[in-house]
Amino acid sequence: MSVRPALPFRLLQRSLKAASRAGSAVVERVLRSEVEAGPLRAPTKESKGELCVQFGDKEVRVQPGATLLDAARQGDVDLRYYCGGNCSCGTCRVEILEGGKNLSRVESMEAFVLGDEHQRHGDRLACQATVRGPVRVHIPEWF
Ligand code: FES
């Protein structure tokens with residue numbers, strides 16, 4: 001399941017108002033059905049500003065700036081972090097399936113711990129990657 005940001009909903013609402021003002025019944029009907037369909041619904045008060053991190057079937061909502069490790073812990077996702085999130089063990093390495101651009105950039109220490117191959121593959125250390133938008137993550141098998 002993907003998370004829709006609030007912007008498309010607002011654009012949809014504005015378009016609906018514009019279609020109403022212009023008297024375009026067909027466009028208005030199509031837009032209204034989109035609004036009522038649900039997936040582009042307005043964010044609830046509780047979900048405002050929260051971002052979705054998806055680990056397999058589990059969705060966790062976090063505030064912007066939380067790390068992937070914060071999200072995993074918050075969602076009770078089984079993700080190992082032997083160094084306590086200090087960017088030294090590499091056990092929190094995850095594969096980013098979608099939304100890699102929605103994470104903070106890789107800093108030098110993270111790049112060192114990840115190694116060239118995993119970095120080229122787009123993997124991240126969950127304790128270092130902060131969330132700025134929706135992300136879909138896979139936790140690799142270690143043992
Ligand atoms: S928890 Fe050790 S590197 Fe992330």
# chains A, B, ... in the order shown; residues from 1 in each chain; ligands from 1
>>> residues_near_ligand(ligand="ligand 1", cutoff="6 Å", atoms="only C-alpha atoms and all ligand atoms", output="NGL selection string")
:A and (81-92 or 125-127)
>>> residues_around(residues="Glu50 (chain A)", least_positions_apart="4", cutoff="7 Å", atoms="only C-alpha atoms", output="PyMOL selection string")
chain A and resi 61-64
>>> residues_around(residues="Val106 (chain A)", least_positions_apart="3", cutoff="10 Å", atoms="only C-alpha atoms", output="PDB file with C-alpha atoms, in the first residue's frame")
ATOM      1  CA  LEU A 103      16.151   9.438   2.631  1.00  0.00           C
ATOM      2  CA  MET A 109      31.024   7.004   7.926  1.00  0.00           C
ATOM      3  CA  GLU A 110      27.923   5.245   6.676  1.00  0.00           C
ATOM      4  CA  ALA A 111      29.575   4.760   3.281  1.00  0.00           C
ATOM      5  CA  PHE A 112      32.615   3.254   5.013  1.00  0.00           C
ATOM      6  CA  LEU A 114      28.299  -0.124   4.149  1.00  0.00           C
ATOM      7  CA  GLN A 119      26.406   1.311  -1.384  1.00  0.00           C
ATOM      8  CA  GLY A 122      21.544   1.413  -2.824  1.00  0.00           C
ATOM      9  CA  ASP A 123      21.492  -0.228   0.600  1.00  0.00           C
ATOM     10  CA  ARG A 124      21.405   1.941   3.691  1.00  0.00           C
ATOM     11  CA  LEU A 125      22.190   1.688   7.350  1.00  0.00           C
ATOM     12  CA  GLN A 128      21.780   6.584   9.714  1.00  0.00           C
ATOM     13  CA  ALA A 129      19.120   7.083   7.034  1.00  0.00           C
ATOM     14  CA  THR A 130      16.565   9.671   8.077  1.00  0.00           C
TER      15      THR A 130
END
>>> select_by_dssp(residues="region 33-129 of chain A", states="helix (DSSP H, G or I)", output="JSON, numbers by chain")
{"A": [33, 34, 35, 36, 37, 68, 69, 70, 71, 72, 73, 74, 100, 101, 102, 108, 109, 110, 111, 112, 113, 114, 116, 117, 118, 119, 120, 121]}
>>> closest_residue(among="A:Trp142, A:Val113, A:Arg21, A:Val137", to="Glu59 (chain A)", atoms="only C-alpha atoms")
A:Val137
>>> atom_distance(atom1="CA of Gly56 (chain A)", atom2="CA of Ser104 (chain A)")
21.1 Å
>>> residues_around(residues="Arg136 (chain A)", least_positions_apart="4", cutoff="6 Å", atoms="only C-alpha atoms", output="PDB file with C-alpha atoms, in the first residue's frame")
ATOM      1  CA  VAL A  53       7.931   3.460   6.108  1.00  0.00           C
ATOM      2  CA  GLN A  54       6.932   0.071   4.797  1.00  0.00           C
ATOM      3  CA  LEU A  97      13.024  -1.022  -2.605  1.00  0.00           C
ATOM      4  CA  GLU A  98      11.345   2.341  -3.203  1.00  0.00           C
TER       5      GLU A  98
END
>>> closest_residue(among="A:Ala22, A:Ile96, A:Val131, A:Leu51", to="Leu68 (chain A)", atoms="only C-alpha atoms")
A:Val131
>>> closest_residue(among="A:Pro140, A:Gly23, A:Pro134, A:Gly115", to="Gly49 (chain A)", atoms="only C-alpha atoms")
A:Pro134
>>> atom_distance(atom1="CA of Asp57 (chain A)", atom2="CA of His121 (chain A)")
22.4 Å
>>> residues_around(residues="Phe55 (chain A)", least_positions_apart="6", cutoff="9 Å", atoms="only C-alpha atoms", output="PyMOL selection string")
chain A and resi 72+77+135-139
>>> closest_residue(among="A:Asp78, A:Arg132, A:Thr67, A:Glu117", to="Asn102 (chain A)", atoms="only C-alpha atoms")
A:Arg132
